[in-house]
Amino acid sequence: MRLLILGGTQFLGRAIAAHAHAMGHDVTCAARGVAGTVPYGVRFIRVDRDEPDGLAPLAGKAFDAVVDVSRHPGQVRRAVAALKQGVEHWTFVSTVSVYADNRTTGQRADAAPLRAPTTLEMKHSTEETYGAAKVACEQAIGEHAFICRAGLIAGPEDPTGRFTYWPTRLDRGGEVLVPGTPDDAVQLIDVRDLAQWIVHAAHTRLTGYFDGIGPSSTRGQFLAECADALGASCTFTWVDPLPDFAGFATRDTSPARDSGLTVRTLSETARDTLSWARTAGGPVTGLTADEESAALKAWHASRHGAGRR
């Protein structure tokens, strides 16, 4: 394929470009280029999607498929207007944050209710408006597209540091402070598996709405598997339960698996993420060792005091 990625310089977009190139496809990434660099062997074209004519550098170039990872409705509308009519397949990477109901378990992408779309032309959406902005993006794309609603994406090169916290923390061993309960649901996907499926979807011309995420497990199973994979000796102290998001990490992803999504083991993701964090100094988002120690001390003190009353 001649594949155009609108983005491609960071995390998922970069992983898609790397996998597509490794599979022998002709890959072009179009972005501002401020978030990072494209993988070796991938063509880069500088564009500014916030400008009305920002995609002009792509004029006259032919592509078989397009992958868009934007979170800004205005950018998506301009891309659709400029490019969609001339390509055979369109992928939009959306998010499970588009869903309005995070309490009902076992929901599927083809039936779950969505948030109301934002009506704003936002250049910089916040976490509060992220889901609504992605709904507006989906609506701007229209029919005959592959809408991949990604969940929590983990693995090497993660700029958020959210998943990376756990392999790096477990690797230190000892008493680990964990929010919630061992039975809370956890659901994530390795960035490399998601990238592989997105390229597969473009190649097979898959269309429709899918949740791009792995199977659900419990938080206790998640931590135990990660600790075992890293050879870490840990004990877990469970503190205040999380808010009521029981359905957020229990999505039924069987349609995605039936359509070619395969996922590696959590153990492999944990080991590879820790290795990358060590060698590249990747970001880690979470408590520092001192903050965790203070929180554990306060937690145990409160429990001890409650036991005396």
# chains A, B, ... in the order shown; residues from 1 in each chain; ligands from 1

$ residues_around --residues "segment 247-257 of chain A" --least-positions-apart "5" --cutoff "12 Å" --atoms "only C-alpha atoms" --output "number ranges by chain"
A: 95-112, 146-152, 183-189, 193-194, 197-198, 200-201, 206-219, 242, 262-263

$ residues_around --residues "Thr164 of chain A" --least-positions-apart "3" --cutoff "10 Å" --atoms "only C-alpha atoms" --output "short mmCIF file (atom, residue, chain, number, x, y, z; two decimals) with N, CA, C and O atoms, in the first residue's frame"
data_model
loop_
_atom_site.label_atom_id
_atom_site.label_comp_id
_atom_site.auth_asym_id
_atom_site.auth_seq_id
_atom_site.Cartn_x
_atom_site.Cartn_y
_atom_site.Cartn_z
N ALA A 154 -0.36 0.72 26.02
CA ALA A 154 0.84 0.53 26.82
C ALA A 154 2.00 0.12 25.93
O ALA A 154 1.82 -0.19 24.75
N GLY A 155 3.20 0.12 26.51
CA GLY A 155 4.35 -0.39 25.79
C GLY A 155 5.47 0.61 25.64
O GLY A 155 5.38 1.76 26.11
N PRO A 156 6.54 0.21 24.97
CA PRO A 156 7.69 1.10 24.77
C PRO A 156 7.31 2.39 24.04
O PRO A 156 6.43 2.39 23.19
N GLU A 157 7.97 3.47 24.41
CA GLU A 157 7.81 4.81 23.84
C GLU A 157 6.52 5.51 24.30
O GLU A 157 6.12 6.53 23.72
N ASP A 158 5.87 5.01 25.35
CA ASP A 158 4.65 5.64 25.86
C ASP A 158 4.98 7.01 26.46
O ASP A 158 5.70 7.09 27.45
N PRO A 159 4.46 8.10 25.88
CA PRO A 159 4.79 9.42 26.40
C PRO A 159 4.01 9.79 27.66
O PRO A 159 4.34 10.77 28.32
N THR A 160 2.97 9.01 28.00
CA THR A 160 2.15 9.35 29.17
C THR A 160 2.76 8.83 30.47
O THR A 160 2.53 9.40 31.53
N GLY A 161 3.48 7.72 30.40
CA GLY A 161 4.08 7.15 31.60
C GLY A 161 3.11 6.45 32.52
O GLY A 161 3.49 6.03 33.63
N PRO A 167 5.54 -1.37 35.82
CA PRO A 167 6.76 -2.18 35.73
C PRO A 167 7.94 -1.58 36.50
O PRO A 167 8.69 -2.31 37.15
N THR A 168 8.11 -0.25 36.42
CA THR A 168 9.24 0.36 37.12
C THR A 168 9.05 0.28 38.63
O THR A 168 10.02 0.07 39.38
N ARG A 169 7.81 0.44 39.09
CA ARG A 169 7.57 0.35 40.54
C ARG A 169 7.72 -1.08 41.04
O ARG A 169 8.35 -1.34 42.07
N THR A 269 4.79 -7.28 27.43
CA THR A 269 4.65 -5.83 27.46
C THR A 269 5.36 -5.23 28.66
O THR A 269 6.05 -4.21 28.55
N ALA A 270 5.20 -5.85 29.82
CA ALA A 270 5.83 -5.34 31.05
C ALA A 270 7.35 -5.38 30.93
O ALA A 270 8.04 -4.40 31.27
N THR A 273 8.57 -2.80 28.29
CA THR A 273 8.38 -1.42 28.75
C THR A 273 9.43 -1.05 29.79
O THR A 273 9.99 0.06 29.75
N LEU A 274 9.72 -1.96 30.70
CA LEU A 274 10.76 -1.70 31.70
C LEU A 274 12.11 -1.53 31.04
O LEU A 274 12.88 -0.61 31.39
N TRP A 276 12.76 -0.51 28.00
CA TRP A 276 12.79 0.78 27.30
C TRP A 276 12.93 1.93 28.30
O TRP A 276 13.70 2.88 28.08
N ALA A 277 12.20 1.87 29.41
CA ALA A 277 12.26 2.94 30.41
C ALA A 277 13.67 3.07 30.97
O ALA A 277 14.15 4.19 31.23
N GLY A 282 12.51 6.76 29.73
CA GLY A 282 11.12 7.10 29.42
C GLY A 282 10.39 7.66 30.62
O GLY A 282 10.73 7.37 31.78
N PRO A 283 9.37 8.49 30.39
CA PRO A 283 8.64 9.12 31.49
C PRO A 283 7.86 8.12 32.33
O PRO A 283 7.38 7.10 31.82
N VAL A 284 7.75 8.42 33.60
CA VAL A 284 6.99 7.59 34.54
C VAL A 284 6.03 8.52 35.28
O VAL A 284 6.46 9.49 35.91
N THR A 285 4.74 8.22 35.20
CA THR A 285 3.73 9.06 35.83
C THR A 285 3.14 8.32 37.03
O THR A 285 2.50 7.28 36.87
N GLY A 286 3.36 8.84 38.21
CA GLY A 286 2.86 8.20 39.41
C GLY A 286 3.60 8.72 40.62
O GLY A 286 4.36 9.70 40.55
#

$ residues_around --residues "Thr119 of chain A" --least-positions-apart "3" --cutoff "10 Å" --atoms "only C-alpha atoms" --output "list in words"
Pro73, Ala116, Met122, Ala132, Ala133 and Ala136 of chain A

$ select_by_dssp --residues "segment 80-301 of chain A" --states "alpha helix (DSSP H)" --output "JSON, numbers by chain"
{"A": [80, 81, 82, 83, 130, 131, 132, 133, 134, 135, 136, 137, 138, 139, 140, 141, 165, 166, 167, 168, 169, 170, 171, 172, 191, 192, 193, 194, 195, 196, 197, 198, 199, 200, 201, 202, 203, 204, 219, 220, 221, 222, 223, 224, 225, 226, 227, 228, 229, 230, 254, 255, 256, 257, 258, 266, 267, 268, 269, 270, 271, 272, 273, 274, 275, 276, 277, 278, 279, 280, 289, 290, 291, 292, 293, 294, 295, 296, 297, 298, 299, 300, 301]}

$ residues_around --residues "segment 9-12 of chain A" --least-positions-apart "5" --cutoff "8 Å" --atoms "only C-alpha atoms" --output "PDB file with all heavy atoms, in the first residue's frame"
ATOM      1  N   CYS A  29       4.493  10.006   6.474  1.00  0.00           N
ATOM      2  CA  CYS A  29       3.942  10.640   7.666  1.00  0.00           C
ATOM      3  C   CYS A  29       3.874  12.144   7.437  1.00  0.00           C
ATOM      4  O   CYS A  29       4.861  12.758   7.014  1.00  0.00           O
ATOM      5  CB  CYS A  29       4.800  10.353   8.892  1.00  0.00           C
ATOM      6  SG  CYS A  29       4.786   8.637   9.430  1.00  0.00           S
ATOM      7  N   ALA A  31       3.065  15.636   9.402  1.00  0.00           N
ATOM      8  CA  ALA A  31       2.897  16.210  10.735  1.00  0.00           C
ATOM      9  C   ALA A  31       3.748  17.469  10.841  1.00  0.00           C
ATOM     10  O   ALA A  31       4.522  17.791   9.933  1.00  0.00           O
ATOM     11  CB  ALA A  31       3.308  15.193  11.802  1.00  0.00           C
ATOM     12  N   GLY A  33       6.045  17.678  13.103  1.00  0.00           N
ATOM     13  CA  GLY A  33       7.365  17.167  13.413  1.00  0.00           C
ATOM     14  C   GLY A  33       7.933  17.656  14.722  1.00  0.00           C
ATOM     15  O   GLY A  33       9.141  17.535  14.944  1.00  0.00           O
ATOM     16  N   ALA A  35       6.773  16.563  17.806  1.00  0.00           N
ATOM     17  CA  ALA A  35       6.636  15.554  18.858  1.00  0.00           C
ATOM     18  C   ALA A  35       7.723  14.494  18.803  1.00  0.00           C
ATOM     19  O   ALA A  35       7.947  13.786  19.782  1.00  0.00           O
ATOM     20  CB  ALA A  35       5.257  14.888  18.766  1.00  0.00           C
ATOM     21  N   GLY A  36       8.373  14.364  17.658  1.00  0.00           N
ATOM     22  CA  GLY A  36       9.397  13.337  17.522  1.00  0.00           C
ATOM     23  C   GLY A  36       9.774  13.176  16.060  1.00  0.00           C
ATOM     24  O   GLY A  36       9.490  14.037  15.225  1.00  0.00           O
ATOM     25  N   THR A  37      10.409  12.056  15.763  1.00  0.00           N
ATOM     26  CA  THR A  37      10.846  11.773  14.400  1.00  0.00           C
ATOM     27  C   THR A  37      10.139  10.535  13.872  1.00  0.00           C
ATOM     28  O   THR A  37       9.648   9.703  14.633  1.00  0.00           O
ATOM     29  CB  THR A  37      12.360  11.528  14.361  1.00  0.00           C
ATOM     30  OG1 THR A  37      12.681  10.410  15.228  1.00  0.00           O
ATOM     31  CG2 THR A  37      13.118  12.752  14.832  1.00  0.00           C
ATOM     32  N   VAL A  38      10.098  10.403  12.564  1.00  0.00           N
ATOM     33  CA  VAL A  38       9.487   9.226  11.959  1.00  0.00           C
ATOM     34  C   VAL A  38      10.490   8.073  11.980  1.00  0.00           C
ATOM     35  O   VAL A  38      11.700   8.293  12.061  1.00  0.00           O
ATOM     36  CB  VAL A  38       9.029   9.509  10.515  1.00  0.00           C
ATOM     37  CG1 VAL A  38       7.989  10.610  10.493  1.00  0.00           C
ATOM     38  CG2 VAL A  38      10.220   9.850   9.628  1.00  0.00           C
ATOM     39  N   PRO A  39      10.014   6.825  11.904  1.00  0.00           N
ATOM     40  CA  PRO A  39      10.934   5.687  11.875  1.00  0.00           C
ATOM     41  C   PRO A  39      11.813   5.713  10.631  1.00  0.00           C
ATOM     42  O   PRO A  39      11.478   6.327   9.609  1.00  0.00           O
ATOM     43  CB  PRO A  39       9.985   4.477  11.861  1.00  0.00           C
ATOM     44  CG  PRO A  39       8.697   4.985  12.403  1.00  0.00           C
ATOM     45  CD  PRO A  39       8.597   6.403  11.965  1.00  0.00           C
ATOM     46  N   GLU A 157       7.970   3.472  24.414  1.00  0.00           N
ATOM     47  CA  GLU A 157       7.806   4.814  23.844  1.00  0.00           C
ATOM     48  C   GLU A 157       6.518   5.509  24.298  1.00  0.00           C
ATOM     49  O   GLU A 157       6.118   6.526  23.717  1.00  0.00           O
ATOM     50  CB  GLU A 157       7.890   4.804  22.306  1.00  0.00           C
ATOM     51  CG  GLU A 157       9.230   4.299  21.786  1.00  0.00           C
ATOM     52  CD  GLU A 157       9.407   4.521  20.295  1.00  0.00           C
ATOM     53  OE1 GLU A 157       8.577   5.210  19.672  1.00  0.00           O
ATOM     54  OE2 GLU A 157      10.398   3.996  19.747  1.00  0.00           O
ATOM     55  N   ASP A 158       5.872   5.009  25.352  1.00  0.00           N
ATOM     56  CA  ASP A 158       4.649   5.635  25.857  1.00  0.00           C
ATOM     57  C   ASP A 158       4.976   7.007  26.456  1.00  0.00           C
ATOM     58  O   ASP A 158       5.700   7.093  27.447  1.00  0.00           O
ATOM     59  CB  ASP A 158       4.026   4.735  26.928  1.00  0.00           C
ATOM     60  CG  ASP A 158       2.765   5.320  27.533  1.00  0.00           C
ATOM     61  OD1 ASP A 158       2.305   6.394  27.081  1.00  0.00           O
ATOM     62  OD2 ASP A 158       2.220   4.688  28.463  1.00  0.00           O
ATOM     63  N   PRO A 159       4.460   8.095  25.876  1.00  0.00           N
ATOM     64  CA  PRO A 159       4.786   9.419  26.402  1.00  0.00           C
ATOM     65  C   PRO A 159       4.013   9.787  27.658  1.00  0.00           C
ATOM     66  O   PRO A 159       4.343  10.767  28.324  1.00  0.00           O
ATOM     67  CB  PRO A 159       4.398  10.354  25.240  1.00  0.00           C
ATOM     68  CG  PRO A 159       3.269   9.637  24.569  1.00  0.00           C
ATOM     69  CD  PRO A 159       3.602   8.166  24.672  1.00  0.00           C
ATOM     70  N   VAL A 191       0.994  -1.179  22.329  1.00  0.00           N
ATOM     71  CA  VAL A 191       0.974  -0.283  21.178  1.00  0.00           C
ATOM     72  C   VAL A 191       1.355  -1.017  19.892  1.00  0.00           C
ATOM     73  O   VAL A 191       0.821  -0.723  18.811  1.00  0.00           O
ATOM     74  CB  VAL A 191       1.907   0.923  21.419  1.00  0.00           C
ATOM     75  CG1 VAL A 191       3.371   0.496  21.536  1.00  0.00           C
ATOM     76  CG2 VAL A 191       1.739   1.985  20.347  1.00  0.00           C
ATOM     77  N   ARG A 192       2.237  -1.995  19.984  1.00  0.00           N
ATOM     78  CA  ARG A 192       2.687  -2.723  18.796  1.00  0.00           C
ATOM     79  C   ARG A 192       1.582  -3.617  18.246  1.00  0.00           C
ATOM     80  O   ARG A 192       1.449  -3.774  17.022  1.00  0.00           O
ATOM     81  CB  ARG A 192       3.938  -3.528  19.137  1.00  0.00           C
ATOM     82  CG  ARG A 192       5.127  -2.647  19.516  1.00  0.00           C
ATOM     83  CD  ARG A 192       6.199  -3.421  20.229  1.00  0.00           C
ATOM     84  NE  ARG A 192       5.751  -3.892  21.550  1.00  0.00           N
ATOM     85  CZ  ARG A 192       6.535  -4.544  22.413  1.00  0.00           C
ATOM     86  NH1 ARG A 192       7.805  -4.777  22.104  1.00  0.00           N
ATOM     87  NH2 ARG A 192       6.055  -4.936  23.586  1.00  0.00           N
ATOM     88  N   LEU A 194      -1.708  -2.987  18.615  1.00  0.00           N
ATOM     89  CA  LEU A 194      -2.698  -2.089  18.029  1.00  0.00           C
ATOM     90  C   LEU A 194      -2.236  -1.593  16.666  1.00  0.00           C
ATOM     91  O   LEU A 194      -3.021  -1.537  15.706  1.00  0.00           O
ATOM     92  CB  LEU A 194      -2.949  -0.914  18.969  1.00  0.00           C
ATOM     93  CG  LEU A 194      -4.048   0.071  18.563  1.00  0.00           C
ATOM     94  CD1 LEU A 194      -5.386  -0.638  18.375  1.00  0.00           C
ATOM     95  CD2 LEU A 194      -4.180   1.184  19.603  1.00  0.00           C
ATOM     96  N   ALA A 195      -0.963  -1.258  16.560  1.00  0.00           N
ATOM     97  CA  ALA A 195      -0.419  -0.798  15.279  1.00  0.00           C
ATOM     98  C   ALA A 195      -0.525  -1.880  14.214  1.00  0.00           C
ATOM     99  O   ALA A 195      -0.903  -1.610  13.067  1.00  0.00           O
ATOM    100  CB  ALA A 195       1.040  -0.377  15.460  1.00  0.00           C
TER     101      ALA A 195
END

$ select_by_dssp --residues "segment 180-236 of chain A" --states "strand (DSSP E)" --output "number ranges by chain"
A: 185-186, 188-190, 208-212, 217-218, 234-236

$ atom_distance --atom1 "atom CA of Gly13 of chain A" --atom2 "atom CA of Arg115 of chain A"
24.9 Å

$ atom_distance --atom1 "atom CA of Leu223 of chain A" --atom2 "atom CA of His304 of chain A"
25.9 Å

$ atom_distance --atom1 "atom CA of Leu170 of chain A" --atom2 "atom CA of Ser233 of chain A"
7.9 Å

$ residues_around --residues "segment 78-93 of chain A" --least-positions-apart "6" --cutoff "10 Å" --atoms "only C-alpha atoms" --output "ChimeraX atom specification"
/A:2-6,12-13,49-56,58-59,61-71,134,137-138,140-150,198-199,201-209,211-212

$ closest_residue --among "A:Ala280, A:Val176, A:Val135, A:Val42" --to "Asp26 of chain A" --atoms "only C-alpha atoms"
A:Val42

$ closest_residue --among "A:Leu287, A:Gly260, A:Asp171, A:Arg278" --to "Leu230 of chain A" --atoms "only C-alpha atoms"
A:Asp171

$ closest_residue --among "A:Gln221, A:His72, A:Ala20, A:Leu266" --to "Phe163 of chain A" --atoms "only C-alpha atoms"
A:Leu266
